[in-house]
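Trainee: Pasting protein11.csv here (CSV, C-alpha atoms):
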chain,number,residue,atom,x,y,z
X,1,MET,CA,0.0,0.0,0.0
X,2,LYS,CA,1.2,3.5,-0.8
X,3,LYS,CA,-0.1,6.7,0.7
X,4,ILE,CA,0.8,10.3,0.2
X,5,LEU,CA,-0.4,13.1,2.5
X,6,ILE,CA,-1.7,16.3,1.0
X,7,ILE,CA,-1.4,19.3,3.3
X,8,THR,CA,-4.1,21.9,2.4
X,9,LEU,CA,-6.8,24.1,4.0
X,10,ALA,CA,-10.1,22.6,5.0
X,11,ALA,CA,-11.7,25.7,3.5
X,12,MET,CA,-10.8,24.2,0.1
X,13,PHE,CA,-13.0,21.2,0.7
X,14,LEU,CA,-16.1,22.4,-1.0
X,15,GLY,CA,-17.7,19.0,-1.7
X,16,THR,CA,-21.1,18.1,-0.2
X,17,ALA,CA,-23.6,15.2,-0.3
X,18,GLY,CA,-21.8,12.1,0.7
X,19,TYR,CA,-24.8,9.9,0.2
X,20,ALA,CA,-27.4,10.5,-2.5
X,21,LYS,CA,-29.6,8.8,-5.1
X,22,SER,CA,-28.1,9.1,-8.5
X,23,LYS,CA,-27.7,7.3,-11.8
X,24,ALA,CA,-24.8,5.0,-12.8
X,25,THR,CA,-23.6,7.2,-15.6
X,26,GLU,CA,-22.9,10.8,-14.7
X,27,ASP,CA,-20.7,13.2,-16.6
X,28,ASN,CA,-22.2,16.5,-15.3
X,29,SER,CA,-21.1,18.0,-18.6
X,30,ARG,CA,-22.4,20.9,-20.6
X,31,SER,CA,-20.0,20.7,-23.5
X,32,GLU,CA,-17.9,17.8,-24.8
X,33,ASP,CA,-14.1,17.5,-24.5
X,34,ILE,CA,-12.0,15.2,-26.6
X,35,VAL,CA,-10.5,12.1,-25.1
X,36,GLU,CA,-6.7,12.3,-25.1
X,37,ALA,CA,-3.8,10.2,-23.8
X,38,VAL,CA,-1.6,12.5,-21.6
X,39,ASP,CA,2.1,12.0,-21.3
X,40,LEU,CA,3.0,12.5,-17.7
X,41,GLY,CA,6.5,11.0,-18.1
X,42,LEU,CA,5.4,7.7,-16.7
X,43,SER,CA,5.4,4.1,-18.0
X,44,VAL,CA,1.9,4.6,-19.5
X,45,ARG,CA,-0.2,7.6,-20.8
X,46,TRP,CA,-3.2,8.5,-18.8
X,47,ALA,CA,-6.6,9.5,-20.2
X,48,ASN,CA,-7.6,13.1,-19.6
X,49,MET,CA,-11.1,12.1,-18.5
X,50,ASN,CA,-13.0,9.1,-17.0
X,51,VAL,CA,-14.5,6.3,-19.0
X,52,GLY,CA,-18.1,7.3,-19.8
X,53,ALA,CA,-17.5,11.1,-19.3
X,54,THR,CA,-17.7,13.6,-22.1
X,55,LYS,CA,-15.9,16.3,-20.1
X,56,ILE,CA,-12.6,16.4,-18.2
X,57,SER,CA,-14.5,17.2,-15.0
X,58,GLY,CA,-17.2,14.6,-15.6
X,59,TYR,CA,-17.6,11.6,-13.3
X,60,GLY,CA,-18.3,9.2,-16.1
X,61,THR,CA,-19.7,5.7,-15.7
X,62,TYR,CA,-19.7,3.6,-12.5
X,63,PHE,CA,-18.7,0.0,-13.1
X,64,ALA,CA,-18.6,-3.1,-10.9
X,65,TRP,CA,-15.1,-4.6,-11.0
X,66,GLY,CA,-14.9,-6.9,-14.1
X,67,GLU,CA,-18.2,-5.7,-15.6
X,68,THR,CA,-18.3,-3.5,-18.7
X,69,ALA,CA,-21.7,-1.8,-18.4
X,70,PRO,CA,-23.5,0.3,-15.8
X,71,LYS,CA,-26.7,-0.8,-14.0
X,72,ASP,CA,-29.2,0.5,-11.5
X,73,TYR,CA,-28.3,-1.7,-8.5
X,74,TYR,CA,-24.9,-2.9,-7.3
X,75,SER,CA,-24.8,-5.9,-5.0
X,76,TRP,CA,-23.5,-9.5,-4.9
X,77,ASN,CA,-26.9,-10.6,-6.3
X,78,THR,CA,-26.5,-8.5,-9.4
X,79,TYR,CA,-22.7,-9.1,-9.8
X,80,ALA,CA,-21.7,-10.9,-13.0
X,81,TRP,CA,-19.0,-13.1,-11.3
X,82,SER,CA,-21.0,-14.2,-8.3
X,83,LYS,CA,-23.8,-16.6,-7.5
X,84,GLY,CA,-25.4,-14.1,-5.3
X,85,ASP,CA,-22.9,-14.3,-2.5
X,86,SER,CA,-19.3,-13.3,-1.8
X,87,GLN,CA,-18.4,-16.9,-1.0
X,88,PHE,CA,-19.5,-18.1,-4.5
X,89,LEU,CA,-17.3,-16.3,-7.0
X,90,THR,CA,-17.3,-17.8,-10.5
X,91,LYS,CA,-14.3,-15.9,-11.9
X,92,TYR,CA,-11.2,-14.2,-10.5
X,93,SER,CA,-11.3,-16.4,-7.5
X,94,THR,CA,-9.1,-18.8,-5.5
X,95,THR,CA,-10.2,-21.5,-7.9
X,96,ASP,CA,-9.1,-20.0,-11.2
X,97,ARG,CA,-6.3,-17.9,-9.6
X,98,ARG,CA,-6.8,-15.1,-12.1
X,99,THR,CA,-5.4,-11.9,-10.6
X,100,GLN,CA,-5.7,-9.4,-13.5
X,101,LEU,CA,-8.8,-8.6,-15.5
X,102,ALA,CA,-8.9,-10.1,-19.0
X,103,PRO,CA,-9.5,-7.6,-21.8
X,104,VAL,CA,-13.0,-8.8,-22.3
X,105,ASP,CA,-13.8,-7.9,-18.7
X,106,ASP,CA,-11.9,-4.6,-18.7
X,107,ALA,CA,-14.4,-1.7,-18.9
X,108,ALA,CA,-11.9,0.7,-20.5
X,109,GLN,CA,-11.1,-1.7,-23.3
X,110,ALA,CA,-14.7,-2.7,-23.8
X,111,ASN,CA,-16.0,0.9,-24.0
X,112,TRP,CA,-13.1,2.7,-25.7
X,113,GLY,CA,-11.3,-0.1,-27.6
X,114,GLY,CA,-7.9,0.4,-29.1
X,115,LYS,CA,-5.1,0.2,-26.6
X,116,TRP,CA,-7.1,1.7,-23.7
X,117,ARG,CA,-7.3,-0.4,-20.6
X,118,MET,CA,-7.8,-0.1,-16.8
X,119,PRO,CA,-4.6,0.7,-14.8
X,120,THR,CA,-2.8,-1.9,-12.7
X,121,VAL,CA,-2.2,-1.3,-9.0
X,122,GLU,CA,1.5,-0.7,-9.9
X,123,GLU,CA,0.5,2.0,-12.4
X,124,PHE,CA,-1.5,3.8,-9.7
X,125,GLU,CA,1.4,3.6,-7.3
X,126,GLU,CA,3.6,5.1,-10.1
X,127,LEU,CA,1.1,7.9,-10.5
X,128,MET,CA,1.3,8.6,-6.8
X,129,ASP,CA,5.1,8.6,-6.7
X,130,PRO,CA,6.1,12.1,-5.4
X,131,ALA,CA,9.3,12.0,-7.3
X,132,LYS,CA,7.4,11.7,-10.5
X,133,CYS,CA,4.1,13.5,-10.0
X,134,LYS,CA,2.7,16.5,-8.1
X,135,TRP,CA,-0.8,16.3,-6.6
X,136,GLU,CA,-2.7,19.5,-6.0
X,137,TRP,CA,-6.2,19.7,-4.5
X,138,THR,CA,-8.3,22.0,-6.8
X,139,SER,CA,-11.6,22.3,-8.6
X,140,ARG,CA,-12.7,22.4,-12.2
X,141,ASP,CA,-16.1,23.4,-13.5
X,142,GLY,CA,-17.2,23.5,-9.9
X,143,VAL,CA,-16.1,19.8,-9.3
X,144,ASN,CA,-13.5,19.1,-6.6
X,145,GLY,CA,-10.6,16.8,-7.3
X,146,TYR,CA,-6.8,16.6,-7.9
X,147,LYS,CA,-4.7,18.1,-10.6
X,148,VAL,CA,-1.9,15.6,-11.1
X,149,THR,CA,1.2,17.0,-12.9
X,150,GLY,CA,4.0,14.9,-14.3
X,151,LYS,CA,7.3,16.5,-13.1
X,152,LYS,CA,9.2,15.3,-16.2
X,153,THR,CA,6.8,16.7,-18.8
X,154,GLY,CA,4.7,19.4,-17.0
X,155,ASN,CA,1.5,17.8,-18.4
X,156,SER,CA,-1.4,17.2,-16.1
X,157,ILE,CA,-4.7,15.4,-15.7
X,158,PHE,CA,-7.7,16.1,-13.4
X,159,LEU,CA,-9.2,13.4,-11.2
X,160,PRO,CA,-12.7,14.4,-10.0
X,161,ILE,CA,-13.9,13.3,-6.5
X,162,THR,CA,-16.4,10.8,-7.7
X,163,GLY,CA,-17.8,8.7,-4.8
X,164,CYS,CA,-19.0,5.2,-5.7
X,165,ARG,CA,-22.2,3.3,-6.3
X,166,PHE,CA,-23.3,0.9,-3.5
X,167,TYR,CA,-26.6,-0.9,-3.9
X,168,GLY,CA,-29.0,1.7,-5.4
X,169,GLU,CA,-27.2,4.8,-4.2
X,170,THR,CA,-24.2,7.0,-4.9
X,171,GLN,CA,-22.1,7.3,-1.8
X,172,PHE,CA,-19.2,9.5,-0.7
X,173,ARG,CA,-19.9,12.0,-3.5
X,174,GLY,CA,-17.9,15.1,-2.7
X,175,ILE,CA,-16.0,13.2,0.0
X,176,LYS,CA,-13.9,10.5,-1.8
X,177,GLY,CA,-12.5,9.9,-5.2
X,178,ILE,CA,-12.7,6.1,-5.8
X,179,TYR,CA,-11.2,4.5,-8.9
X,180,TRP,CA,-10.8,0.8,-9.8
X,181,SER,CA,-7.5,-0.8,-10.8
X,182,SER,CA,-7.5,-4.0,-12.9
X,183,THR,CA,-5.7,-5.9,-10.1
X,184,LEU,CA,-7.4,-8.4,-7.8
X,185,TYR,CA,-6.6,-8.1,-4.0
X,186,THR,CA,-5.5,-11.7,-3.6
X,187,THR,CA,-5.5,-11.8,0.2
X,188,ASN,CA,-9.3,-11.3,-0.1
X,189,VAL,CA,-10.6,-12.1,-3.5
X,190,ASN,CA,-13.9,-10.3,-2.7
X,191,LYS,CA,-12.0,-7.1,-3.3
X,192,ALA,CA,-9.8,-5.4,-5.8
X,193,TRP,CA,-7.0,-2.8,-5.5
X,194,CYS,CA,-8.1,0.8,-6.0
X,195,LEU,CA,-7.1,4.4,-5.8
X,196,GLU,CA,-8.9,6.4,-3.1
X,197,PHE,CA,-8.5,10.0,-2.1
X,198,ASN,CA,-10.0,13.0,-0.3
X,199,PHE,CA,-8.8,16.5,0.2
X,200,GLN,CA,-6.2,15.4,2.8
X,201,ASP,CA,-4.5,12.3,1.4
X,202,VAL,CA,-4.3,9.8,-1.4
X,203,ASN,CA,-4.1,6.0,-1.0
X,204,VAL,CA,-3.7,2.9,-3.1
X,205,HIS,CA,-5.1,0.0,-1.2
X,206,TYR,CA,-7.9,-2.6,-1.2
X,207,GLY,CA,-10.3,-0.3,0.6
X,208,ASP,CA,-13.2,-1.1,2.8
X,209,LEU,CA,-16.8,-2.0,1.9
X,210,SER,CA,-16.6,0.4,-1.1
X,211,SER,CA,-13.9,-1.9,-2.5
X,212,ASN,CA,-16.1,-5.0,-2.7
X,213,ARG,CA,-16.0,-6.1,-6.3
X,214,PHE,CA,-19.7,-5.6,-6.8
X,215,SER,CA,-19.6,-1.9,-6.0
X,216,GLY,CA,-19.7,0.6,-8.8
X,217,ARG,CA,-16.8,3.0,-9.2
X,218,CYS,CA,-15.3,5.1,-11.9
X,219,ILE,CA,-12.4,4.3,-14.2
X,220,ARG,CA,-9.5,6.3,-15.5
X,221,ALA,CA,-8.0,4.5,-18.4
X,222,VAL,CA,-4.3,4.2,-19.5
X,223,ARG,CA,-2.6,3.1,-22.7
Would you put the structure from the file into structure tokens?

Mentor:
Amino acid sequence: MKKILIITLAAMFLGTAGYAKSKATEDNSRSEDIVEAVDLGLSVRWANMNVGATKISGYGTYFAWGETAPKDYYSWNTYAWSKGDSQFLTKYSTTDRRTQLAPVDDAAQANWGGKWRMPTVEEFEELMDPAKCKWEWTSRDGVNGYKVTGKKTGNSIFLPITGCRFYGETQFRGIKGIYWSSTLYTTNVNKAWCLEFNFQDVNVHYGDLSSNRFSGRCIRAVR
């Protein structure tokens, strides 16, 4: 697990509504931006917006881990790779020992095609490396999040604070940014590695209940 501490003023934390009913695809956009692969001087290039968004500040689409389309309700009963319970996983389990999402189950690849894919946990850790990237809490189009700037190139991306989808609700909106990696958490295969952040710190870890594979969260693609 990697963690970086962001020192900032609480007054900058403008987000509200940590628990709200919402839909599974949200880009809160008024005009469209073009998807681009941004060179931050890292091993991969990062998309300038979330999968399903049409704007850099858009939340985009919320996906369960290993699923490629949104839905209205996120639970073990509706999860594609479960027989209705966390103890009965049909793929990416202790039985098949798959630890990385196959391209067919990768939401970035399925929705954007080409060389786009979900980032691995190692690529999230590289993005967090303070020797390589600078993280700044900011807002764009009224949406809070982080501007991440590559120290080698000076190019940057914006990661909005998205929250996640849990059962039929959107939770932690304005409180946490929560993004899937493509990497299974092998110590507990009910979960997957993820990037989580708030206005104070940034973590790559396996999370809490929000990291159960059935929960819906946003995706920032790489290629």

Trainee: What gap, in Å, lies between atom CA of X:Trp193 and atom CA of X:Tyr59?

Mentor: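 If I compute the distance from atom CA of X:Trp193 to atom CA of X:Tyr59, I get 19.5 Å.
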
Trainee: Per residue of stretch 146-213 of chain X within 10 Å of stretch 128-131 of chain X, record the nearest atom pair and its distance in Å to one decimal, counting only C-alpha atoms, with rows in chain order and ascending residue number, as a tab-separated table.

Mentor:
residue	atom	partner	partner_atom	distance
X:Val148	CA	X:Met128	CA	8.8
X:Gly150	CA	X:Ala131	CA	9.2
X:Lys151	CA	X:Ala131	CA	7.6
X:Lys152	CA	X:Ala131	CA	9.5
X:Leu195	CA	X:Met128	CA	9.4
X:Val202	CA	X:Met128	CA	7.9
X:Asn203	CA	X:Met128	CA	8.3
X:Val204	CA	X:Met128	CA	8.4

Trainee: Would you mind reading off the distance between atom CA of X:Leu89 and atom CA of X:Trp76, one decimal, in Å?

Mentor: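 Computing the Euclidean distance for atom CA of X:Leu89 and atom CA of X:Trp76 yields 9.4 Å.
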
Trainee: Please compute the atom CA of X:Tyr92-atom CA of X:His205 distance, one decimal, in Å.

Mentor: 18.0 Å

Trainee: Which residue is closest to X:Ser182? Choose from X:Thr162, X:Thr138, X:Gln100, X:Ser215 and count all atoms listed in the file.

Mentor: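 Closest to X:Ser182 of all the choices is X:Gln100.
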
Trainee: Determine the nearest neighbour of X:Gln109 from the options X:Cys164, X:Ile178, X:Val189, X:Ala69, counting all atoms listed in the file.

Mentor: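 Ranked by minimum distance to X:Gln109, first place goes to X:Ala69.
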
Trainee: For the point (2.0, 6.5, -13.5) in file coordinates, what residues are within 7 Å, counting all atoms listed in the file? Give the answer as a list in words?

Mentor: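 Selection result: Leu42, Ser43, Val44, Glu123, Phe124, Glu125, Glu126 and Leu127 of chain X.
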
Trainee: Under the rule that all atoms listed in the file are counted, which of X:Phe63, X:Phe88, X:Trp112, X:Tyr79 is the nearest residue to X:Val35?

Mentor: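 Using all atoms listed in the file, the shortest distance to X:Val35 belongs to X:Trp112.
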
Trainee: Would you mind telling me which residue in X:Tyr185, X:Phe172, X:Tyr179, X:Trp135 lies nearest to X:Phe158 when using all atoms listed in the file?

Mentor: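 The shortest atom-to-atom distance to X:Phe158 comes from X:Trp135.
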
Trainee: List as a compact mmCIF listing (two decimals) with C-alpha atoms, in the coordinates of the input the protein and nucleic acid residues near X:Thr78, meaning an atom at most 12 Å away when all atoms listed in the file are counted, but skip any in the same chain fewer than 2 places from it.

Mentor:
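See selection16.txt below for the written result:
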# COMPACT_ATOMS: atom_id res chain seq x y z
CA ALA X 64 -18.60 -3.10 -10.90
CA GLU X 67 -18.20 -5.70 -15.60
CA PRO X 70 -23.50 0.30 -15.80
CA LYS X 71 -26.70 -0.80 -14.00
CA ASP X 72 -29.20 0.50 -11.50
CA TYR X 73 -28.30 -1.70 -8.50
CA TYR X 74 -24.90 -2.90 -7.30
CA SER X 75 -24.80 -5.90 -5.00
CA TRP X 76 -23.50 -9.50 -4.90
CA ALA X 80 -21.70 -10.90 -13.00
CA TRP X 81 -19.00 -13.10 -11.30
CA SER X 82 -21.00 -14.20 -8.30
CA LYS X 83 -23.80 -16.60 -7.50
CA GLY X 84 -25.40 -14.10 -5.30
CA ASP X 85 -22.90 -14.30 -2.50
CA SER X 86 -19.30 -13.30 -1.80
CA PHE X 166 -23.30 0.90 -3.50
CA TYR X 167 -26.60 -0.90 -3.90
CA GLY X 168 -29.00 1.70 -5.40
CA ARG X 213 -16.00 -6.10 -6.30
CA PHE X 214 -19.70 -5.60 -6.80
CA SER X 215 -19.60 -1.90 -6.00
CA GLY X 216 -19.70 0.60 -8.80
